[in-house]
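Next up, query.csv (CSV, C-alpha atoms and all ligand atoms):
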chain,number,residue,atom,x,y,z
A,60,MET,CA,-26.5,5.0,6.3
A,61,GLU,CA,-26.7,7.8,8.8
A,62,LYS,CA,-26.2,11.4,7.7
A,63,SER,CA,-22.7,12.7,7.9
A,64,LYS,CA,-21.6,16.1,9.2
A,65,VAL,CA,-19.9,18.5,6.9
A,66,TYR,CA,-18.6,21.7,8.4
A,67,PHE,CA,-18.4,24.9,6.4
A,68,THR,CA,-17.1,28.4,6.6
A,69,ASP,CA,-17.1,31.1,3.9
A,70,MET,CA,-14.2,33.3,2.8
A,71,HIS,CA,-15.2,36.4,4.7
A,72,VAL,CA,-12.7,37.6,7.3
A,73,THR,CA,-12.8,39.9,10.3
A,74,GLU,CA,-10.2,42.2,11.9
A,75,ASN,CA,-9.5,39.5,14.4
A,76,GLU,CA,-9.4,36.4,12.2
A,77,ASN,CA,-7.8,35.9,8.8
A,78,LEU,CA,-8.5,32.9,6.5
A,79,LEU,CA,-5.7,30.7,7.9
A,80,GLN,CA,-7.0,31.2,11.5
A,81,LYS,CA,-10.5,30.5,10.2
A,82,LEU,CA,-9.4,27.3,8.6
A,83,LYS,CA,-7.8,26.1,11.9
A,84,ARG,CA,-11.0,27.0,13.7
A,85,LEU,CA,-13.0,25.0,11.2
A,86,LEU,CA,-10.8,21.9,11.8
A,87,TYR,CA,-11.3,22.1,15.5
A,88,LYS,CA,-15.1,22.8,15.2
A,89,ALA,CA,-15.3,19.7,13.0
A,90,GLY,CA,-13.6,17.6,15.7
A,91,ILE,CA,-10.2,16.9,14.3
A,92,GLU,CA,-8.8,16.5,17.8
A,93,GLN,CA,-10.9,13.3,18.1
A,94,ILE,CA,-8.1,11.6,16.2
A,95,ASP,CA,-5.2,10.4,18.3
A,96,PHE,CA,-2.2,12.2,16.7
A,97,GLU,CA,0.2,11.6,19.6
A,98,LYS,CA,3.6,10.9,17.9
A,99,LYS,CA,1.7,9.7,14.8
A,100,PHE,CA,3.2,10.1,11.3
A,101,THR,CA,0.4,12.1,9.5
A,102,ALA,CA,0.2,12.2,5.8
A,103,ILE,CA,-1.3,15.4,4.4
A,104,LYS,CA,-2.3,14.4,0.8
A,105,LEU,CA,-2.5,17.4,-1.5
A,106,HIS,CA,-1.6,18.4,-5.0
A,107,PHE,CA,1.5,20.7,-5.4
A,108,GLY,CA,0.2,22.0,-8.7
A,109,GLU,CA,1.8,21.6,-12.1
A,110,PRO,CA,4.2,24.6,-12.6
A,111,GLY,CA,2.4,27.2,-14.6
A,112,ASN,CA,-0.9,26.5,-13.0
A,113,LEU,CA,-1.9,29.1,-10.4
A,114,ALA,CA,-5.1,27.6,-9.1
A,115,TYR,CA,-3.5,25.0,-6.8
A,116,LEU,CA,-3.9,25.7,-3.0
A,117,ARG,CA,-1.3,28.0,-1.6
A,118,PRO,CA,1.3,26.5,0.8
A,119,ASN,CA,-0.1,28.7,3.5
A,120,TYR,CA,-3.1,26.5,3.8
A,121,ALA,CA,-0.9,23.4,4.1
A,122,ARG,CA,1.0,25.2,6.9
A,123,ALA,CA,-2.3,25.9,8.8
A,124,VAL,CA,-3.3,22.2,8.6
A,125,ALA,CA,0.2,21.0,9.6
A,126,ASP,CA,0.2,23.4,12.5
A,127,VAL,CA,-3.0,21.9,13.8
A,128,VAL,CA,-1.4,18.4,13.5
A,129,ARG,CA,1.6,19.6,15.5
A,130,GLU,CA,-0.6,21.3,18.1
A,131,LEU,CA,-2.1,17.8,18.6
A,132,ASN,CA,1.4,16.3,18.9
A,133,GLY,CA,1.3,14.6,15.5
A,134,ILE,CA,4.2,14.5,13.0
A,135,PRO,CA,2.9,15.9,9.7
A,136,PHE,CA,4.4,15.5,6.2
A,137,LEU,CA,3.1,16.6,2.8
A,138,THR,CA,2.7,14.0,0.2
A,139,ASP,CA,1.5,13.2,-3.3
A,140,CYS,CA,2.4,10.4,-5.8
A,141,ASN,CA,4.0,10.8,-9.2
A,142,THR,CA,1.9,11.4,-12.3
A,143,LEU,CA,1.3,9.0,-15.1
A,144,TYR,CA,1.5,11.5,-17.9
A,145,VAL,CA,4.5,13.4,-19.1
A,146,GLY,CA,5.0,16.6,-17.1
A,147,GLU,CA,6.9,18.2,-14.3
A,148,ARG,CA,5.9,15.7,-11.6
A,149,LYS,CA,6.5,12.3,-13.1
A,150,ASN,CA,9.4,11.3,-10.8
A,151,ALA,CA,10.3,12.3,-7.3
A,152,ILE,CA,13.0,14.7,-8.2
A,153,ASP,CA,10.9,16.7,-10.7
A,154,HIS,CA,8.0,16.5,-8.3
A,155,LEU,CA,10.0,18.0,-5.5
A,156,ASN,CA,11.4,20.7,-7.8
A,157,SER,CA,7.8,21.5,-8.8
A,158,ALA,CA,6.7,21.7,-5.2
A,159,TYR,CA,9.5,24.1,-4.4
A,160,VAL,CA,8.8,26.2,-7.4
A,161,ASN,CA,5.2,26.5,-6.3
A,162,GLY,CA,6.3,27.5,-2.8
A,163,PHE,CA,6.0,24.3,-0.8
A,164,SER,CA,9.1,23.9,1.4
A,165,PRO,CA,10.0,23.2,5.0
A,166,PHE,CA,10.4,26.9,5.4
A,167,SER,CA,6.9,27.8,4.2
A,168,THR,CA,5.0,24.8,5.5
A,169,GLY,CA,7.1,23.7,8.5
A,170,CYS,CA,7.1,20.1,7.4
A,171,GLN,CA,8.9,17.8,5.0
A,172,ILE,CA,7.7,16.5,1.6
A,173,LEU,CA,7.7,12.8,0.9
A,174,ILE,CA,6.7,11.6,-2.6
A,175,GLY,CA,4.5,8.7,-1.8
A,176,ASP,CA,5.5,6.3,-4.5
A,177,GLY,CA,9.2,7.0,-4.5
A,178,LEU,CA,11.8,8.0,-7.1
A,179,LYS,CA,10.2,6.5,-10.2
A,180,GLY,CA,6.7,5.9,-9.1
A,181,THR,CA,7.2,2.2,-8.4
A,182,ASP,CA,7.4,2.2,-4.5
A,183,GLU,CA,3.9,0.9,-3.8
A,184,THR,CA,2.0,-1.2,-1.3
A,185,LEU,CA,-0.6,-3.7,-2.6
A,186,VAL,CA,-3.9,-3.2,-0.7
A,187,PRO,CA,-6.8,-5.6,-1.1
A,188,VAL,CA,-10.1,-4.0,-2.0
A,189,GLU,CA,-12.9,-5.7,-0.2
A,190,GLY,CA,-15.9,-5.9,-2.5
A,191,GLY,CA,-14.0,-4.3,-5.4
A,192,GLU,CA,-15.7,-4.9,-8.8
A,193,TYR,CA,-12.8,-3.8,-10.9
A,194,VAL,CA,-9.8,-3.7,-8.6
A,195,LYS,CA,-8.8,-6.6,-6.4
A,196,GLU,CA,-5.5,-5.2,-5.2
A,197,ALA,CA,-4.9,-1.5,-5.3
A,198,LYS,CA,-1.3,-0.2,-5.9
A,199,ILE,CA,-0.9,2.7,-3.4
A,200,GLY,CA,2.2,4.8,-2.8
A,201,HIS,CA,4.1,3.1,0.0
A,202,ALA,CA,4.7,6.2,2.3
A,203,ILE,CA,1.0,6.9,2.2
A,204,MET,CA,0.1,3.5,3.5
A,205,ASP,CA,2.9,3.6,6.0
A,206,ALA,CA,1.5,6.7,7.6
A,207,ASP,CA,-0.5,6.3,10.8
A,208,VAL,CA,-3.1,9.0,10.0
A,209,ILE,CA,-4.2,10.3,6.7
A,210,LEU,CA,-5.6,13.8,6.1
A,211,SER,CA,-6.6,15.2,2.7
A,212,LEU,CA,-6.3,18.9,1.7
A,213,THR,CA,-8.1,19.3,-1.6
A,214,HIS,CA,-8.5,22.1,-4.1
A,215,PHE,CA,-12.0,21.5,-5.2
A,216,LYS,CA,-12.4,22.1,-9.0
A,217,MET,CA,-13.7,20.6,-12.2
A,218,HIS,CA,-12.2,17.6,-14.0
A,219,GLU,CA,-12.4,16.6,-17.6
A,220,ALA,CA,-12.7,12.9,-16.9
A,221,THR,CA,-14.3,12.6,-13.5
A,222,GLY,CA,-16.5,15.7,-13.5
A,223,ILE,CA,-15.3,17.0,-10.1
A,224,GLY,CA,-11.8,17.1,-8.9
A,225,GLY,CA,-12.6,16.6,-5.2
A,226,THR,CA,-11.5,14.6,-2.3
A,227,LEU,CA,-12.1,11.1,-3.8
A,228,LYS,CA,-10.0,12.2,-6.8
A,229,ASN,CA,-7.3,13.6,-4.6
A,230,ILE,CA,-7.2,10.3,-2.6
A,231,GLY,CA,-8.2,7.6,-5.1
A,232,MET,CA,-6.3,8.7,-8.2
A,233,GLY,CA,-3.7,10.8,-6.3
A,234,CYS,CA,-2.5,8.0,-4.0
A,235,GLY,CA,-2.1,5.5,-6.7
A,236,SER,CA,1.4,4.6,-7.8
A,237,ARG,CA,2.2,4.8,-11.5
A,238,ALA,CA,1.0,1.3,-12.1
A,239,GLY,CA,-2.1,2.1,-9.9
A,240,LYS,CA,-2.9,5.1,-12.0
A,241,MET,CA,-2.4,3.1,-15.2
A,242,GLU,CA,-4.8,0.5,-13.8
A,243,MET,CA,-7.5,3.1,-13.2
A,244,HIS,CA,-7.0,4.8,-16.6
A,245,SER,CA,-6.8,1.7,-18.7
A,246,SER,CA,-6.2,-2.0,-19.0
A,247,GLY,CA,-2.8,-1.1,-17.5
A,248,LYS,CA,-0.4,-1.7,-20.4
A,249,PRO,CA,1.7,1.1,-21.9
A,250,HIS,CA,2.8,1.4,-25.5
A,251,VAL,CA,5.7,3.1,-27.3
A,252,VAL,CA,5.1,6.2,-29.6
A,253,GLN,CA,7.3,5.1,-32.5
A,254,ASP,CA,8.1,8.6,-33.8
A,255,LEU,CA,9.6,9.6,-30.4
A,256,CYS,CA,11.6,6.5,-29.8
A,257,VAL,CA,15.3,6.6,-30.6
A,258,GLY,CA,16.0,3.0,-29.8
A,259,CYS,CA,18.3,3.7,-26.8
A,260,GLY,CA,17.2,0.6,-24.9
A,261,THR,CA,16.8,2.2,-21.5
A,262,CYS,CA,13.2,1.0,-21.2
A,263,ARG,CA,14.3,-2.6,-22.0
A,264,LYS,CA,16.8,-2.5,-19.2
A,265,SER,CA,14.2,-1.2,-16.8
A,266,CYS,CA,11.7,-4.0,-17.6
A,267,ALA,CA,11.9,-7.0,-15.2
A,268,HIS,CA,9.5,-9.0,-17.4
A,269,ASP,CA,11.4,-9.1,-20.6
A,270,ALA,CA,8.4,-7.5,-22.3
A,271,ILE,CA,10.3,-4.9,-24.4
A,272,THR,CA,12.2,-5.6,-27.6
A,273,ILE,CA,14.2,-3.3,-29.9
A,274,ALA,CA,14.1,-3.7,-33.6
A,275,ASP,CA,15.3,-1.3,-36.3
A,276,ARG,CA,16.1,1.2,-33.4
A,277,LYS,CA,12.5,1.2,-32.2
A,278,ALA,CA,11.1,-0.3,-29.0
A,279,SER,CA,7.9,-2.2,-28.8
A,280,ILE,CA,6.1,-3.8,-25.8
A,281,ASP,CA,4.7,-7.3,-25.8
A,282,HIS,CA,1.4,-7.0,-23.8
A,283,GLU,CA,1.4,-10.8,-23.2
A,284,LYS,CA,4.5,-10.4,-21.0
A,285,CYS,CA,3.9,-6.8,-19.7
A,286,VAL,CA,2.5,-6.7,-16.1
A,287,GLY,CA,1.7,-3.0,-16.2
A,288,CYS,CA,4.2,-1.9,-13.6
A,289,GLY,CA,4.8,1.4,-15.4
A,290,ARG,CA,8.6,1.4,-14.7
A,291,CYS,CA,9.4,1.9,-18.4
A,292,ILE,CA,7.3,5.1,-18.6
A,293,GLY,CA,9.5,6.8,-16.0
A,294,ALA,CA,12.7,5.4,-17.5
A,295,CYS,CA,12.4,6.6,-21.0
A,296,PRO,CA,14.5,9.8,-21.6
A,297,ARG,CA,12.3,10.7,-24.6
A,298,ASP,CA,8.9,10.4,-23.0
A,299,ALA,CA,8.1,7.9,-25.7
A,300,VAL,CA,6.5,5.3,-23.5
A,301,VAL,CA,2.9,6.3,-22.8
A,302,PRO,CA,0.0,4.7,-20.8
A,303,GLY,CA,-2.8,3.2,-22.8
A,304,ILE,CA,-5.9,5.2,-22.2
A,305,GLY,CA,-8.8,2.8,-22.7
A,306,ASN,CA,-11.4,3.0,-20.0
A,307,SER,CA,-14.7,4.9,-20.1
A,308,ASN,CA,-15.2,7.7,-17.7
A,309,GLU,CA,-17.7,5.6,-15.8
A,310,ILE,CA,-15.2,2.7,-15.2
A,311,LEU,CA,-12.5,5.3,-14.3
A,312,GLY,CA,-14.8,6.8,-11.7
A,313,LYS,CA,-15.6,3.5,-10.2
A,314,LYS,CA,-12.0,2.4,-10.0
A,315,MET,CA,-11.2,5.7,-8.4
A,316,ALA,CA,-13.8,4.9,-5.7
A,317,GLU,CA,-12.2,1.5,-5.1
A,318,TYR,CA,-8.7,3.0,-4.8
A,319,SER,CA,-10.1,5.5,-2.3
A,320,CYS,CA,-11.5,2.6,-0.3
A,321,ALA,CA,-8.1,0.9,-0.4
A,322,VAL,CA,-6.4,4.1,1.0
A,323,LEU,CA,-9.0,5.0,3.6
A,324,LEU,CA,-11.1,2.2,5.0
A,325,GLY,CA,-10.2,1.3,8.6
A,326,ARG,CA,-7.7,4.2,9.0
A,327,PRO,CA,-7.8,7.4,11.1
A,328,GLN,CA,-8.7,10.1,8.6
A,329,PHE,CA,-10.0,13.6,8.2
A,330,HIS,CA,-10.7,15.6,5.0
A,331,ILE,CA,-10.6,19.3,4.1
A,332,SER,CA,-11.7,20.8,0.8
A,333,LEU,CA,-11.4,24.4,-0.3
A,334,VAL,CA,-13.9,25.5,-3.0
A,335,VAL,CA,-11.9,28.5,-4.4
A,336,ASP,CA,-10.6,29.1,-7.9
A,337,VAL,CA,-13.0,26.5,-9.3
A,338,SER,CA,-11.1,26.1,-12.5
A,339,PRO,CA,-12.6,24.1,-15.4
A,340,PHE,CA,-9.8,21.6,-15.6
A,341,CYS,CA,-7.4,19.7,-13.3
A,342,ASP,CA,-4.4,21.3,-11.5
A,343,CYS,CA,-2.3,18.9,-13.5
A,344,TYR,CA,-2.5,21.3,-16.5
A,345,PRO,CA,0.3,23.9,-16.6
A,346,SER,CA,-2.3,26.6,-16.9
A,347,ASN,CA,-5.7,27.5,-15.4
A,348,ASP,CA,-8.7,29.3,-16.9
A,349,VAL,CA,-11.1,31.8,-15.3
A,350,PRO,CA,-12.9,30.1,-12.4
A,351,ILE,CA,-16.4,28.9,-13.3
A,352,VAL,CA,-18.1,30.1,-10.2
A,353,PRO,CA,-17.2,32.6,-7.4
A,354,ASP,CA,-15.1,31.4,-4.4
A,355,ILE,CA,-17.4,29.7,-1.9
A,356,GLY,CA,-15.5,28.6,1.2
A,357,MET,CA,-13.8,25.9,3.2
A,358,PHE,CA,-15.4,22.5,4.1
A,359,ALA,CA,-14.2,19.8,6.5
A,360,SER,CA,-15.5,16.3,7.4
A,361,PHE,CA,-14.6,12.9,8.6
A,362,ASP,CA,-16.6,11.6,5.6
A,363,PRO,CA,-14.9,12.0,2.2
A,364,VAL,CA,-18.1,11.1,0.3
A,365,ALA,CA,-20.3,13.6,2.1
A,366,LEU,CA,-17.6,16.2,1.7
A,367,ASP,CA,-17.5,15.8,-2.1
A,368,VAL,CA,-21.3,16.0,-2.4
A,369,ALA,CA,-21.5,19.1,-0.2
A,370,CYS,CA,-18.8,20.9,-2.2
A,371,ALA,CA,-20.5,19.9,-5.5
A,372,ASN,CA,-23.9,21.0,-4.3
A,373,ALA,CA,-22.4,24.3,-3.2
A,374,VAL,CA,-20.9,24.9,-6.6
A,375,ASN,CA,-24.2,24.0,-8.3
A,376,SER,CA,-26.0,26.7,-6.2
A,377,GLN,CA,-23.7,29.4,-7.6
A,378,PRO,CA,-24.1,31.7,-10.7
A,379,VAL,CA,-21.6,31.1,-13.5
A,380,ASN,CA,-18.8,33.7,-13.6
A,381,SER,CA,-18.9,36.2,-16.3
A,382,GLY,CA,-16.1,35.5,-18.8
A,383,SER,CA,-15.7,31.9,-17.8
A,384,LEU,CA,-15.9,29.0,-20.3
A,385,LEU,CA,-19.5,28.4,-19.2
A,386,ASP,CA,-20.6,32.0,-19.5
A,387,GLY,CA,-23.6,32.4,-21.8
A,388,LYS,CA,-23.9,28.6,-22.3
A,389,HIS,CA,-27.3,27.2,-21.6
A,390,ARG,CA,-27.3,25.0,-18.4
A,391,ASP,CA,-29.5,22.2,-19.6
A,392,SER,CA,-28.3,19.4,-17.4
A,393,GLY,CA,-28.9,21.3,-14.1
A,394,ASP,CA,-25.4,20.4,-13.2
A,395,ILE,CA,-22.5,22.7,-13.8
A,396,PHE,CA,-20.0,19.9,-13.9
A,397,THR,CA,-21.9,18.0,-16.6
A,398,ASP,CA,-22.4,21.2,-18.6
A,399,MET,CA,-18.7,21.8,-18.6
A,400,HIS,CA,-17.7,18.2,-19.3
A,401,PRO,CA,-20.7,16.4,-20.9
A,402,THR,CA,-19.1,12.9,-21.0
A,403,THR,CA,-18.8,12.9,-17.2
A,404,ASP,CA,-21.1,12.0,-14.3
A,405,TRP,CA,-19.4,12.7,-10.9
A,406,MET,CA,-22.2,10.8,-9.1
A,407,VAL,CA,-20.8,7.6,-10.5
A,408,THR,CA,-17.8,7.8,-8.1
A,409,ILE,CA,-20.0,8.9,-5.2
A,410,ARG,CA,-22.5,6.1,-5.6
A,411,HIS,CA,-19.8,3.5,-5.9
A,412,ALA,CA,-17.9,4.7,-2.9
A,413,GLU,CA,-21.1,4.8,-0.9
A,414,LYS,CA,-21.9,1.2,-2.0
A,415,LEU,CA,-18.5,0.1,-0.8
A,416,GLY,CA,-19.1,1.7,2.7
A,417,LEU,CA,-16.7,4.6,2.4
A,418,GLY,CA,-19.2,7.2,3.4
A,419,SER,CA,-22.6,8.7,2.9
A,420,SER,CA,-24.0,11.1,0.3
A,421,GLU,CA,-26.5,12.3,2.9
A,422,TYR,CA,-25.1,15.0,5.1
A,423,ASP,CA,-26.0,17.9,7.4
A,424,LEU,CA,-24.1,21.1,6.6
A,425,ILE,CA,-23.0,22.9,9.8
A,426,LYS,CA,-22.0,26.6,9.1
A,427,ILE,CA,-19.5,28.2,11.5
B,1,LIG,S1,13.8,4.3,-23.5
B,1,LIG,FE1,12.4,5.4,-24.9
B,1,LIG,S2,13.7,6.2,-26.6
B,1,LIG,FE2,14.8,4.5,-25.5
B,1,LIG,S3,14.2,2.6,-26.6
B,1,LIG,FE3,12.8,2.8,-24.9
B,1,LIG,S4,11.0,3.9,-25.8
B,1,LIG,FE4,12.7,4.2,-27.2
B,2,LIG,S1,5.0,-1.6,-17.8
B,2,LIG,FE1,6.6,-2.8,-16.6
B,2,LIG,S2,6.3,-4.9,-17.4
B,2,LIG,FE2,5.3,-3.5,-18.9
B,2,LIG,S3,6.9,-3.1,-20.4
B,2,LIG,FE3,7.0,-1.4,-18.9
B,2,LIG,S4,8.6,-2.1,-17.5
B,2,LIG,FE4,7.9,-3.9,-18.6
Show this structure as structure tokens.
Ligand code: SF4
Ligand code: SF4
Amino acid sequence: MEKSKVYFTDMHVTENENLLQKLKRLLYKAGIEQIDFEKKFTAIKLHFGEPGNLAYLRPNYARAVADVVRELNGIPFLTDCNTLYVGERKNAIDHLNSAYVNGFSPFSTGCQILIGDGLKGTDETLVPVEGGEYVKEAKIGHAIMDADVILSLTHFKMHEATGIGGTLKNIGMGCGSRAGKMEMHSSGKPHVVQDLCVGCGTCRKSCAHDAITIADRKASIDHEKCVGCGRCIGACPRDAVVPGIGNSNEILGKKMAEYSCAVLLGRPQFHISLVVDVSPFCDCYPSNDVPIVPDIGMFASFDPVALDVACANAVNSQPVNSGSLLDGKHRDSGDIFTDMHPTTDWMVTIRHAEKLGLGSSEYDLIKI
């Protein structure tokens, strides 16, 4: 496959240009105007950050991207899908509240927020995955598939299960509905934590497949009947229904690549990744530790695979920050991500996405 182009600018500013202006210039240099935005609904997929985490990207960056879309006559909206785990973004109401708490509002960003998979994470579109080894039909947040154009705005960081939290993570995992996330993480069937269950029966009412029974004031799920829709997870007022976590990190990474293909293949798209505050764990945690490396800069490309590789290579070329979790630890793998999370190999996702035709790991880096 031909080399892709990845555009890059560092975090230095001048008297005449601040970082937001620089980000806009980066997008135009990378050719974003080649996309026909005219009156097109444009999804900007990002992560609003779990409240308490301060490493997520500031709303100002989202505004800069949305402004460019508007300048090109598109109709931008910010989006993410609900989480699988218990937290402050597991349904659309909590998710919107968290986005507002973290500063994302129509006032700060100039555009509306749509939670891609709806109120309880069940509003999904089934998308066939051509050549998928693990996923035949991906379950993607409906509003994201309904959009005419998809942009990603990613905070590039580390991730405990996938090595890097980059563009393919933002798109592949982030655009999955609750059932989609469950499919990526496991065989797709939840179970009930008996100690937390009070036998209220709410989950049973939410199950359209008669898979839940209550006995002795405790619920249990019949996995023969369960289809893995995830509805009961969002319904339980005690957070007693939890997804089964069963996949190896390798299968998780491959499924994530297949979900990324479902979201992106054949659609107008553009990707932006900011390598700043490279925290050791995902922004889904309600806290963030000292960044592992210094801030590097902003990257943009039409190719999400090349973009992730360019960002990872840039991180690997940096010294480890003093006082970070990797400070003083021997770097024996030659890869900062594997040093931090030894059970991960981020190249699994890259290689699988490349094999499925989503992009190229070969790239030319163009500095502006
Ligand atoms: S909704 Fe939750 S607490 Fe109520 S029966 Fe189901 S699992 Fe138990
Ligand atoms: S995941 Fe869906 S099908 Fe399975 S028990 Fe829960 S509500 Fe029922």
Once you count all atoms listed in the file, what closest atom pair and distance in Å to one decimal does each residue of chain A within 8 Å of ligand LIG 2 (chain B) have, with rows by chain and rising residue number, as a Markdown table?
| residue | atom | partner | partner_atom | distance |
| --- | --- | --- | --- | --- |
| A:Ala238 | CA | B:LIG2 | S1 | 7.5 |
| A:Gly247 | CA | B:LIG2 | S1 | 7.8 |
| A:Lys248 | CA | B:LIG2 | S1 | 6.0 |
| A:Pro249 | CA | B:LIG2 | S1 | 5.9 |
| A:His250 | CA | B:LIG2 | S3 | 7.9 |
| A:Cys262 | CA | B:LIG2 | S4 | 6.7 |
| A:Arg263 | CA | B:LIG2 | S4 | 7.3 |
| A:Ser265 | CA | B:LIG2 | S4 | 5.7 |
| A:Cys266 | CA | B:LIG2 | S4 | 3.6 |
| A:Ala267 | CA | B:LIG2 | FE4 | 6.1 |
| A:His268 | CA | B:LIG2 | S2 | 5.2 |
| A:Asp269 | CA | B:LIG2 | FE4 | 6.6 |
| A:Ala270 | CA | B:LIG2 | S3 | 5.0 |
| A:Ile271 | CA | B:LIG2 | S3 | 5.5 |
| A:Ile280 | CA | B:LIG2 | S3 | 5.5 |
| A:Asp281 | CA | B:LIG2 | S3 | 7.2 |
| A:His282 | CA | B:LIG2 | FE2 | 7.2 |
| A:Lys284 | CA | B:LIG2 | S2 | 6.8 |
| A:Cys285 | CA | B:LIG2 | FE2 | 3.7 |
| A:Val286 | CA | B:LIG2 | S2 | 4.4 |
| A:Gly287 | CA | B:LIG2 | S1 | 3.9 |
| A:Cys288 | CA | B:LIG2 | FE1 | 3.9 |
| A:Gly289 | CA | B:LIG2 | S1 | 3.8 |
| A:Arg290 | CA | B:LIG2 | S4 | 4.5 |
| A:Cys291 | CA | B:LIG2 | FE3 | 4.1 |
| A:Ile292 | CA | B:LIG2 | FE3 | 6.5 |
task: Dump the neighbourhood of ligand LIG 1 (chain B) as a ChimeraX atom specification: all residues within 8 Å, distances computed on only C-alpha atoms and all ligand atoms.
output: /A:251-253,255-263,273,276-279,291,294-300
Using only C-alpha atoms, find each residue of stretch 331-380 of chain A with at least one atom at most 9 Å away from an atom of stretch 62-70 of chain A; report its shortest atom-to-atom pair and that distance in Å (one decimal), sort the rows by chain and rising residue number, and return the result as CSV.
residue,atom,partner,partner_atom,distance
A:Val335,CA,A:Met70,CA,9.0
A:Asp354,CA,A:Met70,CA,7.5
A:Ile355,CA,A:Asp69,CA,6.0
A:Gly356,CA,A:Asp69,CA,4.0
A:Met357,CA,A:Thr68,CA,5.4
A:Phe358,CA,A:Phe67,CA,4.5
A:Ala359,CA,A:Tyr66,CA,5.2
A:Ser360,CA,A:Val65,CA,4.9
A:Phe361,CA,A:Lys64,CA,7.7
A:Asp362,CA,A:Ser63,CA,6.6
A:Ala365,CA,A:Ser63,CA,6.3
A:Leu366,CA,A:Val65,CA,6.1
A:Ala369,CA,A:Val65,CA,7.3
- prompt: Excluding same-chain residues fewer than 3 positions from stretch 339-350 of chain A, what lies within 10 Å of it counting only C-alpha atoms, as a ChimeraX atom specification?
  reply: /A:106-116,142,144,146-148,214-224,335-336,353-354,379-385,396,399-400
query: Between A:Leu155, A:Ile209, A:Val368, A:Ile203, which is the closest to A:Arg326 once you count all atoms listed in the file?
result: A:Ile209
Option closest in space to A:Phe136, from A:Ser245, A:Asn161, A:Thr168, A:Asn156 [counting all atoms listed in the file]: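 Under the stated criterion, the closest residue is A:Thr168.
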- request: Tell me which of A:Lys179, A:Lys264, A:Lys98, A:Lys314 sits closest to A:Lys149, counting all atoms listed in the file.
  value: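 Among A:Lys179, A:Lys264, A:Lys98, A:Lys314, it is A:Lys179 that comes nearest to A:Lys149.
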query: Closest to A:Asp367 among A:Tyr120, A:Phe163, A:Tyr422, A:Phe96, using only C-alpha atoms?
result: A:Tyr422
message: For a test of reading the model, state the distance in Å between atom CA of A:Leu415 and atom CA of A:Val364, rounded to one decimal.
response: 11.1 Å
- request: Report the distance between atom CA of A:Pro378 and atom CA of A:Trp405 in Å, rounded to one decimal place.
  value: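 Here the two named atoms are 19.6 Å from each other.
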